[in-house]
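Read through the structure below, which is laid out as structure tokens, and then see the notes.
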Number of protein chains: 2
Amino acid sequence: MAENKSWVLMVTAQTPTNIAVIKYWGKRDESLILPINDSISVTLDPSHLCTTTTVAVSPDFTHDRMWLNGKEISLSGGRYQNCLREIRSRASDVEDEKKGIKIAKRDWENLHLHIASYNNFPTAAGLASSAAGFACLVYSLAKLMNVKEDNSHLSAIARQGSGSACRSLYGGFVKWIMGKDDNGNDSIAVQLVDEKHWDELVILIAVVSSRQKETSSTSGMRETVETSPLVLHRAKEVVPKRVVEMEEAVKSRNFPAFARLTCSDSNQFHAVCLDTSPPIFYMNDTSHRIISCVEKWNRSEGTPQVAYTFDAGPNAVLIARNRKVAALLLQRLLFHFPPQSGADLNSYIVGDKSVLMDAGIQDLKDVEALPPPPEIKDNVPTQKFKGDVSYFICTRPGRGPVLLTEESQALLNPETGLPK
Amino acid sequence: MAENKSWVLMVTAQTPTNIAVIKYWGKRDESLILPINDSISVTLDPSHLCTTTTVAVSPDFTHDRMWLNGKEISLSGGRYQNCLREIRSRASDVEDEKKGIKIAKRDWENLHLHIASYNNFPTAAGLASSAAGFACLVYSLAKLMNVKEDNSHLSAIARQGSGSACRSLYGGFVKWIMGKDDNGNDSIAVQLVDEKHWDELVILIAVVSSRQKETSSTSGMRETVETSPLVLHRAKEVVPKRVVEMEEAVKSRNFPAFARLTCSDSNQFHAVCLDTSPPIFYMNDTSHRIISCVEKWNRSEGTPQVAYTFDAGPNAVLIARNRKVAALLLQRLLFHFPPQSGADLNSYIVGDKSVLMDAGIQDLKDVEALPPPPEIKDNVPTQKFKGDVSYFICTRPGRGPVLLTEESQALLNPETGLPK
């Protein structure tokens, strides 16, 4: 270790969030976070949804500390402790010649860490912030500590922070293999295809306003496993076949099969939540209306144009088969769910604004002028639900974790190791 | 047959509706209406929810005709035709000495019928009007035609009009045995206990406002059987055990077991609807809120006070363990779901108004003065949802079909055989 000299060594990384298209719901081991079935996800473009984490080590640090979105939080929880312990146990010698820093493998046990993490999207919006967060924590610490394991091995550590975090170690489409071992070493994520494989897809997220307090996914899935008479049938009989079919659909870019599987599996996940005692409701009337809108359109086109999937909350994640479909989808969504009067369109549609341009919408007047979608029958009164969607995020499948090497991107001060 | 003289022979009957506590959802034979599992229901007091039907025969009638709630409807549908054919084939000799009418068994094939039916509750409210309606049609025709079969045999005919109609041939708690025969002869209803067996129970129905067009239960259950990967597991593995447990709970008046089974089975029925492709949503946010209110109260009491069940629509059927609990339940429901400002309390709570008295509520001011239920934690803002419930019906378990012998209760004119 560098002697008699104060120093701070830092690494900053950016990690995407992901959305499951074959759902993870239910653990066979609560503390190791081992699931009852495989799951498959698509990684979302980190330009629009990601976590950035800076981890720092210094002999001056007196204890491990963490700041999330600028606010100090406790690291005493088992999930953080598991990740820190597992990463520390794999640390190697680190040398920074420029700064004259040398850390031996054995030193890591006695050195303390500072961690600062920031989500570029609202943490409370139910957008899998913990997945990106734990993936980024593990990835950045692994880089700082010169951990030699590949991302699949790191995924087994991130998994112990938050199950779905393991799928954020890769871009594109990712499979979390449930594994068989009691120690969880084979419960890892693998990349099915990278983000370039199916780059036509466009993803629209409707962040749905909700007045209900939601059941956390941790307690929700525990209650489902304990009380639902259907969930094990799902995990053992239904999901294994769907995983095989989904892999095939993704590899062959078969959108109709992909959409059918994605929608069915989202609905079945919510079905087993409803089959839980007491029942868990994550979707609300707005979620149901978005599903009805997509189902009606898909049916009228004869073949699916859009897939939908909902996680443990009312937000809809809509996957359009290509840019043209995405523009038509956005028109439909804005027709049914216009912003509040006087809202700023620019903050109602965030992310990749080019979808808005493709949809021919420049201001609120264009939204008001949208005609009813042709698949709505004339005898059905068209309904508008102003204010039921908080905002939309336009994005696409994206890449896995990356290191950010510009010091300006670090969240900690390189001198003090404290948040900037 | 009486000769050279015009005559009309009439019978009027009243038949209750019923609500399943172990649900029927899915047919193994579409035209005979044979279910994929047994179901169990409670018959509702006909004072508040029933169908009255008058059936008449006359040599002057030129064809079979029917009026529902005063409006003539077609009898050409297969379901009506099946019921009429099955009943006619079982007709016997009929003699009315007073009127000098004699109808021989063989005459029924050539005589035409007039049928008038009336529901004492809104047909469109999703309150199983077809169950009461077909049961009443079959029951009244059987009496008119001197059909000698008992109610269980009649239930197999009513079943061919509407599956759940077979359970309206008895009062109290009723089991529809799915049967094994291809011809459906053993798919019949049997009474488990009569309406006096468990007369403490009080039933509150929240008729929930809905803007959504609902999937009919006929097409809904067909789509579930065709597309849900969970429904057969439910029918084969889950329901048979629940039926045994429910029979035991009903016979021993074990309210906690009854409530647990009723709620779980309602939720599982809606779960397999959600597992259908495209998914079927019958419950809406109001339904979910009513469930949450009941679940929270039940949990706070340590043992269930109220069971809930929902059919193919958003209306909540709430079964309170006794009158005292029903009053406390009504207070909670009125706290969360007060009537629209200026509404008439008398038409907001219909049926057995004594529950309202027990709840200490005489006018709208009493509703406004209701305190939040104690089980709501202080840190949770209490929410009110004015107008989300259209009205409440207070009722109880009730009796099976009865004949109405007063001529004033008939819906057809005894001279003309036309609606009064």
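Lettering and numbering for the structure tokens are positional, with chains as A, B, ... in the shown order, residues counted from 1 in each chain, and ligands counted from 1 in the shown order.
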Can you pull out every residue within 8 Å of Asn37 (chain A), counting only C-alpha atoms, but drop anything in the same chain fewer than 5 positions away, and send it as a PDB file with C-alpha atoms, in the first residue's frame?
```pdb
ATOM      1  CA  TYR A  24     -38.806 -13.940 -12.398  1.00  0.00           C
ATOM      2  CA  TRP A  25     -41.310 -14.326  -9.542  1.00  0.00           C
ATOM      3  CA  GLY A  26     -40.480 -16.555  -6.619  1.00  0.00           C
ATOM      4  CA  ILE A 177     -30.346 -19.475 -15.567  1.00  0.00           C
ATOM      5  CA  MET A 178     -31.943 -20.556 -12.305  1.00  0.00           C
ATOM      6  CA  ALA A 235     -42.547 -22.357 -12.615  1.00  0.00           C
ATOM      7  CA  LYS A 236     -42.235 -26.068 -13.355  1.00  0.00           C
ATOM      8  CA  VAL A 239     -42.022 -21.306 -17.872  1.00  0.00           C
ATOM      9  CA  PRO A 240     -39.464 -23.931 -19.025  1.00  0.00           C
TER      10      PRO A 240
END
```
Contact residues (chain B, partner chain A, 6 Å, only C-alpha atoms) as a list in words | Asn267, Gln268, Ala271, Leu274, Asp275, Asn284 and Asp285 of chain B
Pull all heavy atoms from the residues just selected and write them as a compact mmCIF listing (two decimals), in the first residue's frame.
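Output contents, as saved in part08.txt:
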```txt
# COMPACT_ATOMS: atom_id res chain seq x y z
N ASN B 267 -60.34 -15.05 -6.15
CA ASN B 267 -59.10 -14.51 -6.70
C ASN B 267 -58.51 -15.43 -7.76
O ASN B 267 -57.99 -14.98 -8.78
CB ASN B 267 -58.09 -14.26 -5.58
CG ASN B 267 -58.51 -13.11 -4.69
OD1 ASN B 267 -59.17 -12.18 -5.14
ND2 ASN B 267 -58.16 -13.18 -3.42
N GLN B 268 -58.60 -16.74 -7.54
CA GLN B 268 -58.02 -17.65 -8.53
C GLN B 268 -58.82 -17.66 -9.82
O GLN B 268 -58.24 -17.78 -10.91
CB GLN B 268 -57.93 -19.07 -7.97
CG GLN B 268 -57.16 -19.98 -8.91
CD GLN B 268 -56.84 -21.30 -8.24
OE1 GLN B 268 -57.60 -22.23 -8.28
NE2 GLN B 268 -55.69 -21.36 -7.61
N ALA B 271 -57.61 -14.80 -11.55
CA ALA B 271 -56.24 -15.07 -12.00
C ALA B 271 -56.25 -15.83 -13.33
O ALA B 271 -55.50 -15.50 -14.25
CB ALA B 271 -55.47 -15.85 -10.93
N LEU B 274 -57.03 -13.56 -16.11
CA LEU B 274 -55.87 -12.75 -16.47
C LEU B 274 -54.86 -13.58 -17.26
O LEU B 274 -54.13 -13.07 -18.11
CB LEU B 274 -55.25 -12.22 -15.17
CG LEU B 274 -54.16 -11.19 -15.19
CD1 LEU B 274 -54.43 -10.09 -16.19
CD2 LEU B 274 -54.01 -10.60 -13.79
N ASP B 275 -54.83 -14.87 -17.01
CA ASP B 275 -53.93 -15.80 -17.70
C ASP B 275 -54.46 -16.19 -19.09
O ASP B 275 -53.83 -16.97 -19.80
CB ASP B 275 -53.74 -17.05 -16.81
CG ASP B 275 -52.62 -17.96 -17.31
OD1 ASP B 275 -51.54 -17.45 -17.63
OD2 ASP B 275 -52.86 -19.18 -17.39
N ASN B 284 -62.07 -4.09 -11.34
CA ASN B 284 -61.41 -2.82 -11.63
C ASN B 284 -60.82 -2.24 -10.33
O ASN B 284 -60.78 -2.93 -9.30
CB ASN B 284 -62.38 -1.85 -12.32
CG ASN B 284 -63.56 -1.48 -11.46
OD1 ASN B 284 -63.53 -1.64 -10.24
ND2 ASN B 284 -64.60 -0.96 -12.08
N ASP B 285 -60.32 -1.02 -10.40
CA ASP B 285 -59.67 -0.43 -9.23
C ASP B 285 -60.60 -0.39 -8.02
O ASP B 285 -60.15 -0.56 -6.88
CB ASP B 285 -59.19 1.00 -9.55
CG ASP B 285 -57.94 1.00 -10.43
OD1 ASP B 285 -57.36 -0.09 -10.64
OD2 ASP B 285 -57.55 2.07 -10.91
```
Any idea what's packed within 9 Å of region 182-197 of chain A, counting only C-alpha atoms, ignoring anything in its chain fewer than 4 positions away? Could you give it as a PyMOL selection string?
-> chain A and resi 29+32-35+40+42-43+45+151-157+159+166-178+247+250-251+253+397-400
Kindly save the residues from that selection, with N, CA, C and O atoms included, as a compact mmCIF listing (two decimals), in the first residue's frame.
```
# COMPACT_ATOMS: atom_id res chain seq x y z
N ASP A 29 -34.52 -19.88 -2.61
CA ASP A 29 -33.64 -19.59 -1.46
C ASP A 29 -33.67 -18.08 -1.25
O ASP A 29 -33.25 -17.32 -2.12
N LEU A 32 -29.84 -16.37 -0.55
CA LEU A 32 -28.95 -16.37 -1.72
C LEU A 32 -29.66 -15.80 -2.96
O LEU A 32 -29.03 -15.57 -3.98
N ILE A 33 -30.95 -15.58 -2.87
CA ILE A 33 -31.77 -15.10 -4.00
C ILE A 33 -31.63 -16.05 -5.19
O ILE A 33 -31.07 -15.71 -6.23
N LEU A 34 -32.15 -17.26 -5.00
CA LEU A 34 -32.16 -18.26 -6.08
C LEU A 34 -33.61 -18.42 -6.53
O LEU A 34 -34.50 -18.63 -5.71
N PRO A 35 -33.84 -18.30 -7.83
CA PRO A 35 -35.23 -18.26 -8.33
C PRO A 35 -35.80 -19.65 -8.55
O PRO A 35 -35.07 -20.65 -8.60
N ILE A 40 -35.92 -14.28 -18.71
CA ILE A 40 -35.24 -13.65 -19.85
C ILE A 40 -35.62 -12.18 -19.85
O ILE A 40 -36.79 -11.84 -19.61
N VAL A 42 -34.77 -7.99 -21.56
CA VAL A 42 -34.13 -7.13 -22.54
C VAL A 42 -33.52 -5.97 -21.75
O VAL A 42 -34.14 -5.43 -20.82
N THR A 43 -32.28 -5.66 -22.09
CA THR A 43 -31.58 -4.56 -21.44
C THR A 43 -32.01 -3.26 -22.10
O THR A 43 -32.12 -3.19 -23.32
N ASP A 45 -31.67 0.80 -23.07
CA ASP A 45 -30.62 1.75 -23.43
C ASP A 45 -30.25 2.63 -22.24
O ASP A 45 -31.10 3.38 -21.73
N ASN A 151 -18.25 -11.36 -16.45
CA ASN A 151 -19.54 -10.79 -16.05
C ASN A 151 -20.54 -11.84 -15.56
O ASN A 151 -21.37 -11.56 -14.70
N SER A 152 -20.48 -13.06 -16.11
CA SER A 152 -21.39 -14.10 -15.64
C SER A 152 -21.13 -14.42 -14.17
O SER A 152 -22.07 -14.59 -13.39
N HIS A 153 -19.85 -14.48 -13.81
CA HIS A 153 -19.54 -14.72 -12.41
C HIS A 153 -19.96 -13.53 -11.55
O HIS A 153 -20.46 -13.71 -10.44
N LEU A 154 -19.73 -12.33 -12.08
CA LEU A 154 -20.16 -11.15 -11.32
C LEU A 154 -21.68 -11.14 -11.15
O LEU A 154 -22.21 -10.69 -10.13
N SER A 155 -22.39 -11.69 -12.17
CA SER A 155 -23.85 -11.67 -12.10
C SER A 155 -24.35 -12.46 -10.89
O SER A 155 -25.36 -12.13 -10.29
N ALA A 156 -23.60 -13.53 -10.54
CA ALA A 156 -24.01 -14.34 -9.38
C ALA A 156 -23.83 -13.56 -8.07
O ALA A 156 -24.49 -13.87 -7.08
N ILE A 157 -22.96 -12.56 -8.10
CA ILE A 157 -22.81 -11.70 -6.91
C ILE A 157 -23.91 -10.63 -6.91
O ILE A 157 -24.58 -10.42 -5.90
N ARG A 159 -26.73 -10.83 -8.18
CA ARG A 159 -27.96 -11.54 -7.87
C ARG A 159 -28.27 -11.52 -6.38
O ARG A 159 -29.43 -11.49 -5.97
N CYS A 166 -28.76 -9.39 -11.74
CA CYS A 166 -27.81 -10.23 -12.47
C CYS A 166 -27.99 -10.07 -13.98
O CYS A 166 -27.05 -10.22 -14.75
N ARG A 167 -29.22 -9.74 -14.41
CA ARG A 167 -29.48 -9.61 -15.85
C ARG A 167 -29.00 -8.27 -16.40
O ARG A 167 -29.02 -8.07 -17.61
N SER A 168 -28.59 -7.35 -15.51
CA SER A 168 -28.11 -6.04 -15.98
C SER A 168 -26.61 -6.05 -16.26
O SER A 168 -26.03 -5.02 -16.55
N LEU A 169 -25.98 -7.22 -16.17
CA LEU A 169 -24.53 -7.29 -16.45
C LEU A 169 -24.24 -7.41 -17.94
O LEU A 169 -23.07 -7.44 -18.35
N TYR A 170 -25.30 -7.54 -18.75
CA TYR A 170 -25.13 -7.68 -20.20
C TYR A 170 -26.10 -6.78 -20.94
O TYR A 170 -27.20 -6.49 -20.42
N GLY A 171 -25.75 -6.44 -22.16
CA GLY A 171 -26.68 -5.74 -23.04
C GLY A 171 -27.52 -6.73 -23.83
O GLY A 171 -27.37 -7.95 -23.70
N GLY A 172 -28.41 -6.21 -24.65
CA GLY A 172 -29.21 -7.06 -25.55
C GLY A 172 -30.23 -7.88 -24.78
O GLY A 172 -30.92 -7.38 -23.90
N PHE A 173 -30.32 -9.17 -25.13
CA PHE A 173 -31.25 -10.08 -24.43
C PHE A 173 -30.44 -11.00 -23.54
O PHE A 173 -29.40 -11.53 -23.96
N VAL A 174 -30.93 -11.20 -22.34
CA VAL A 174 -30.16 -11.89 -21.30
C VAL A 174 -31.02 -12.94 -20.64
O VAL A 174 -32.21 -12.71 -20.37
N LYS A 175 -30.43 -14.09 -20.40
CA LYS A 175 -31.14 -15.15 -19.68
C LYS A 175 -30.52 -15.36 -18.31
O LYS A 175 -29.30 -15.47 -18.19
N TRP A 176 -31.34 -15.39 -17.32
CA TRP A 176 -30.89 -15.75 -15.96
C TRP A 176 -31.24 -17.22 -15.79
O TRP A 176 -32.41 -17.59 -15.73
N ILE A 177 -30.18 -18.04 -15.76
CA ILE A 177 -30.35 -19.47 -15.57
C ILE A 177 -30.55 -19.73 -14.08
O ILE A 177 -29.72 -19.32 -13.26
N MET A 178 -31.64 -20.40 -13.73
CA MET A 178 -31.94 -20.56 -12.30
C MET A 178 -30.87 -21.35 -11.56
O MET A 178 -30.58 -21.07 -10.41
N GLU A 247 -36.17 -17.94 -26.36
CA GLU A 247 -34.80 -17.91 -26.89
C GLU A 247 -34.83 -18.02 -28.41
O GLU A 247 -34.14 -17.30 -29.12
N VAL A 250 -36.21 -14.80 -29.99
CA VAL A 250 -35.25 -13.70 -29.96
C VAL A 250 -34.14 -13.94 -30.99
O VAL A 250 -33.79 -13.05 -31.77
N LYS A 251 -33.63 -15.16 -31.01
CA LYS A 251 -32.51 -15.45 -31.92
C LYS A 251 -32.94 -15.29 -33.38
O LYS A 251 -32.18 -14.83 -34.22
N ARG A 253 -35.43 -13.39 -34.38
CA ARG A 253 -36.15 -12.10 -34.51
C ARG A 253 -37.59 -12.33 -34.99
O ARG A 253 -38.08 -11.66 -35.89
N PRO A 397 -33.57 -1.32 -26.94
CA PRO A 397 -32.63 -2.24 -26.29
C PRO A 397 -31.25 -1.60 -26.25
O PRO A 397 -30.88 -0.86 -27.16
N GLY A 398 -30.50 -1.88 -25.21
CA GLY A 398 -29.20 -1.19 -25.06
C GLY A 398 -28.08 -2.10 -24.61
O GLY A 398 -28.26 -3.31 -24.43
N ARG A 399 -26.97 -1.44 -24.39
CA ARG A 399 -25.72 -2.16 -24.07
C ARG A 399 -25.62 -2.48 -22.58
O ARG A 399 -26.37 -1.94 -21.76
N GLY A 400 -24.62 -3.28 -22.26
CA GLY A 400 -24.35 -3.65 -20.87
C GLY A 400 -23.52 -2.60 -20.15
O GLY A 400 -23.41 -1.47 -20.62
```
Which is closest to Val306 (chain B) among B:Gln362, B:Val202, B:Ser210, B:Leu370, if we use only C-alpha atoms?
-> B:Val202
I want to know what sits within 7 Å of Ile103 (chain B), based on only C-alpha atoms, with residues of the same chain fewer than 2 positions away left out; could you give that as a PDB file with all heavy atoms, in the first residue's frame?
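See around_33.pdb below for the written result:
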```pdb
ATOM      1  N   MET B   1    -108.112 -32.734 -24.394  1.00  0.00           N
ATOM      2  CA  MET B   1    -108.056 -31.265 -24.351  1.00  0.00           C
ATOM      3  C   MET B   1    -109.473 -30.709 -24.324  1.00  0.00           C
ATOM      4  O   MET B   1    -110.369 -31.284 -24.922  1.00  0.00           O
ATOM      5  CB  MET B   1    -107.332 -30.736 -25.598  1.00  0.00           C
ATOM      6  CG  MET B   1    -106.534 -29.464 -25.304  1.00  0.00           C
ATOM      7  SD  MET B   1    -105.701 -28.802 -26.763  1.00  0.00           S
ATOM      8  CE  MET B   1    -104.778 -30.205 -27.363  1.00  0.00           C
ATOM      9  N   ASP B  93     -99.759 -35.713 -18.316  1.00  0.00           N
ATOM     10  CA  ASP B  93    -101.157 -35.284 -18.381  1.00  0.00           C
ATOM     11  C   ASP B  93    -101.408 -34.194 -17.340  1.00  0.00           C
ATOM     12  O   ASP B  93    -100.888 -34.264 -16.222  1.00  0.00           O
ATOM     13  CB  ASP B  93    -102.097 -36.449 -18.036  1.00  0.00           C
ATOM     14  CG  ASP B  93    -101.980 -37.573 -19.048  1.00  0.00           C
ATOM     15  OD1 ASP B  93    -101.368 -37.348 -20.133  1.00  0.00           O
ATOM     16  OD2 ASP B  93    -102.490 -38.670 -18.750  1.00  0.00           O
ATOM     17  N   VAL B  94    -102.207 -33.219 -17.720  1.00  0.00           N
ATOM     18  CA  VAL B  94    -102.568 -32.138 -16.804  1.00  0.00           C
ATOM     19  C   VAL B  94    -104.085 -31.972 -16.830  1.00  0.00           C
ATOM     20  O   VAL B  94    -104.701 -32.003 -17.902  1.00  0.00           O
ATOM     21  CB  VAL B  94    -101.886 -30.818 -17.220  1.00  0.00           C
ATOM     22  CG1 VAL B  94    -102.452 -29.642 -16.423  1.00  0.00           C
ATOM     23  CG2 VAL B  94    -100.369 -30.911 -17.029  1.00  0.00           C
ATOM     24  N   GLU B  95    -104.632 -31.836 -15.635  1.00  0.00           N
ATOM     25  CA  GLU B  95    -106.075 -31.632 -15.584  1.00  0.00           C
ATOM     26  C   GLU B  95    -106.387 -30.501 -14.619  1.00  0.00           C
ATOM     27  O   GLU B  95    -105.857 -30.448 -13.504  1.00  0.00           O
ATOM     28  CB  GLU B  95    -106.777 -32.915 -15.125  1.00  0.00           C
ATOM     29  CG  GLU B  95    -108.287 -32.792 -15.208  1.00  0.00           C
ATOM     30  CD  GLU B  95    -108.983 -34.140 -15.066  1.00  0.00           C
ATOM     31  OE1 GLU B  95    -108.274 -35.164 -14.897  1.00  0.00           O
ATOM     32  OE2 GLU B  95    -110.220 -34.159 -15.122  1.00  0.00           O
ATOM     33  N   ILE B 101    -110.216 -28.017 -17.923  1.00  0.00           N
ATOM     34  CA  ILE B 101    -109.144 -28.180 -18.915  1.00  0.00           C
ATOM     35  C   ILE B 101    -108.491 -29.535 -18.724  1.00  0.00           C
ATOM     36  O   ILE B 101    -108.199 -29.953 -17.601  1.00  0.00           O
ATOM     37  CB  ILE B 101    -108.061 -27.096 -18.737  1.00  0.00           C
ATOM     38  CG1 ILE B 101    -108.689 -25.696 -18.869  1.00  0.00           C
ATOM     39  CG2 ILE B 101    -106.936 -27.279 -19.754  1.00  0.00           C
ATOM     40  CD1 ILE B 101    -107.763 -24.581 -18.425  1.00  0.00           C
ATOM     41  N   LYS B 105    -100.612 -35.866 -22.200  1.00  0.00           N
ATOM     42  CA  LYS B 105     -99.148 -35.858 -22.379  1.00  0.00           C
ATOM     43  C   LYS B 105     -98.749 -35.542 -23.818  1.00  0.00           C
ATOM     44  O   LYS B 105     -97.905 -34.687 -24.087  1.00  0.00           O
ATOM     45  CB  LYS B 105     -98.638 -37.251 -21.966  1.00  0.00           C
ATOM     46  CG  LYS B 105     -97.137 -37.422 -21.861  1.00  0.00           C
ATOM     47  CD  LYS B 105     -96.833 -38.846 -21.405  1.00  0.00           C
ATOM     48  CE  LYS B 105     -95.395 -39.257 -21.721  1.00  0.00           C
ATOM     49  NZ  LYS B 105     -94.432 -38.589 -20.848  1.00  0.00           N
ATOM     50  N   ASP B 107    -100.369 -33.995 -26.093  1.00  0.00           N
ATOM     51  CA  ASP B 107    -100.800 -32.688 -26.607  1.00  0.00           C
ATOM     52  C   ASP B 107     -99.715 -31.616 -26.518  1.00  0.00           C
ATOM     53  O   ASP B 107     -99.725 -30.655 -27.284  1.00  0.00           O
ATOM     54  CB  ASP B 107    -102.029 -32.181 -25.830  1.00  0.00           C
ATOM     55  CG  ASP B 107    -103.243 -33.053 -26.054  1.00  0.00           C
ATOM     56  OD1 ASP B 107    -103.299 -33.721 -27.111  1.00  0.00           O
ATOM     57  OD2 ASP B 107    -104.120 -33.083 -25.171  1.00  0.00           O
TER      58      ASP B 107
END
```
Mind checking DSSP for region 219-369 of chain B and telling me the helix (DSSP H, G or I) residues as a ChimeraX atom specification?
-> /B:219-227,231-251,255-274,285-301,323-336,345-348,354-358,364-368
Polymer residues at most 9 Å from Val317 (chain A), only C-alpha atoms, same-chain spacing of 2 or more positions, as a list in words =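 The filter keeps Ile19, Ile203, Leu204, Ile205, Ala206, Val207, Ala307, Tyr308, Thr309, Phe310, Asp311, Asn315 and Ile319 of chain A.
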Output all heavy atoms for every residue in the selection just made, as a tab-separated table (two decimals), in the first residue's frame.
```tsv
chain	number	residue	atom	x	y	z
A	19	ILE	N	-35.75	-5.15	-18.37
A	19	ILE	CA	-37.15	-5.53	-18.14
A	19	ILE	C	-37.32	-6.97	-18.57
A	19	ILE	O	-36.90	-7.36	-19.67
A	19	ILE	CB	-38.12	-4.58	-18.88
A	19	ILE	CG1	-39.58	-5.01	-18.70
A	19	ILE	CG2	-37.81	-4.49	-20.36
A	19	ILE	CD1	-40.21	-4.46	-17.47
A	203	ILE	N	-38.80	0.78	-27.66
A	203	ILE	CA	-39.49	0.53	-26.38
A	203	ILE	C	-40.09	1.83	-25.84
A	203	ILE	O	-39.38	2.83	-25.72
A	203	ILE	CB	-38.50	-0.09	-25.36
A	203	ILE	CG1	-37.98	-1.43	-25.91
A	203	ILE	CG2	-39.17	-0.28	-24.00
A	203	ILE	CD1	-36.89	-2.08	-25.08
A	204	LEU	N	-41.38	1.81	-25.59
A	204	LEU	CA	-42.05	2.95	-24.96
A	204	LEU	C	-42.50	2.53	-23.57
A	204	LEU	O	-43.13	1.49	-23.40
A	204	LEU	CB	-43.29	3.37	-25.76
A	204	LEU	CG	-43.10	3.90	-27.18
A	204	LEU	CD1	-44.44	4.46	-27.70
A	204	LEU	CD2	-42.06	5.00	-27.22
A	205	ILE	N	-42.16	3.34	-22.59
A	205	ILE	CA	-42.60	3.05	-21.22
A	205	ILE	C	-43.61	4.10	-20.81
A	205	ILE	O	-43.34	5.30	-20.90
A	205	ILE	CB	-41.40	3.07	-20.25
A	205	ILE	CG1	-40.35	2.03	-20.70
A	205	ILE	CG2	-41.85	2.79	-18.82
A	205	ILE	CD1	-39.06	2.10	-19.94
A	206	ALA	N	-44.79	3.64	-20.40
A	206	ALA	CA	-45.80	4.55	-19.86
A	206	ALA	C	-45.68	4.51	-18.35
A	206	ALA	O	-45.94	3.47	-17.73
A	206	ALA	CB	-47.20	4.12	-20.29
A	207	VAL	N	-45.22	5.59	-17.77
A	207	VAL	CA	-45.14	5.67	-16.30
A	207	VAL	C	-46.52	6.10	-15.82
A	207	VAL	O	-46.99	7.19	-16.11
A	207	VAL	CB	-44.04	6.67	-15.86
A	207	VAL	CG1	-43.99	6.77	-14.33
A	207	VAL	CG2	-42.68	6.22	-16.40
A	307	ALA	N	-45.64	-5.62	-28.22
A	307	ALA	CA	-45.73	-6.49	-27.03
A	307	ALA	C	-45.79	-5.59	-25.80
A	307	ALA	O	-45.25	-4.50	-25.81
A	307	ALA	CB	-44.51	-7.38	-26.95
A	308	TYR	N	-46.50	-6.08	-24.76
A	308	TYR	CA	-46.52	-5.31	-23.52
A	308	TYR	C	-46.05	-6.19	-22.38
A	308	TYR	O	-46.19	-7.42	-22.43
A	308	TYR	CB	-47.93	-4.78	-23.21
A	308	TYR	CG	-49.00	-5.86	-23.15
A	308	TYR	CD1	-49.19	-6.64	-22.01
A	308	TYR	CD2	-49.82	-6.10	-24.25
A	308	TYR	CE1	-50.16	-7.63	-21.97
A	308	TYR	CE2	-50.80	-7.09	-24.22
A	308	TYR	CZ	-50.95	-7.85	-23.08
A	308	TYR	OH	-51.89	-8.85	-23.05
A	309	THR	N	-45.44	-5.55	-21.39
A	309	THR	CA	-45.07	-6.29	-20.19
A	309	THR	C	-45.08	-5.32	-19.01
A	309	THR	O	-44.79	-4.13	-19.17
A	309	THR	CB	-43.72	-7.02	-20.36
A	309	THR	OG1	-43.49	-7.85	-19.22
A	309	THR	CG2	-42.56	-6.06	-20.52
A	310	PHE	N	-45.51	-5.84	-17.85
A	310	PHE	CA	-45.64	-5.02	-16.63
A	310	PHE	C	-44.89	-5.71	-15.51
A	310	PHE	O	-45.05	-6.91	-15.29
A	310	PHE	CB	-47.12	-4.89	-16.21
A	310	PHE	CG	-47.99	-4.15	-17.20
A	310	PHE	CD1	-48.34	-4.72	-18.41
A	310	PHE	CD2	-48.44	-2.88	-16.91
A	310	PHE	CE1	-49.15	-4.04	-19.32
A	310	PHE	CE2	-49.25	-2.19	-17.82
A	310	PHE	CZ	-49.59	-2.77	-19.03
A	311	ASP	N	-44.07	-4.94	-14.79
A	311	ASP	CA	-43.39	-5.50	-13.63
A	311	ASP	C	-44.24	-5.26	-12.37
A	311	ASP	O	-45.45	-5.14	-12.48
A	311	ASP	CB	-42.00	-4.87	-13.51
A	311	ASP	CG	-40.96	-5.72	-14.24
A	311	ASP	OD1	-41.32	-6.79	-14.77
A	311	ASP	OD2	-39.80	-5.32	-14.28
A	315	ASN	N	-46.77	0.50	-14.32
A	315	ASN	CA	-46.16	1.01	-15.55
A	315	ASN	C	-46.16	-0.01	-16.68
A	315	ASN	O	-45.83	-1.17	-16.47
A	315	ASN	CB	-44.70	1.40	-15.31
A	315	ASN	CG	-44.56	2.45	-14.23
A	315	ASN	OD1	-45.48	3.23	-14.01
A	315	ASN	ND2	-43.42	2.45	-13.55
A	319	ILE	N	-43.15	-2.82	-26.32
A	319	ILE	CA	-42.06	-3.07	-27.26
A	319	ILE	C	-42.65	-3.12	-28.66
A	319	ILE	O	-43.45	-4.00	-28.98
A	319	ILE	CB	-41.33	-4.38	-26.90
A	319	ILE	CG1	-40.91	-4.35	-25.42
A	319	ILE	CG2	-40.12	-4.59	-27.81
A	319	ILE	CD1	-40.30	-5.64	-24.91
```
Running DSSP on the backbone, which parts of region 99-193 of chain B land in strand (DSSP E or B), as a PyMOL selection string?
-> chain B and resi 101-103+112-119+173-176+189-193
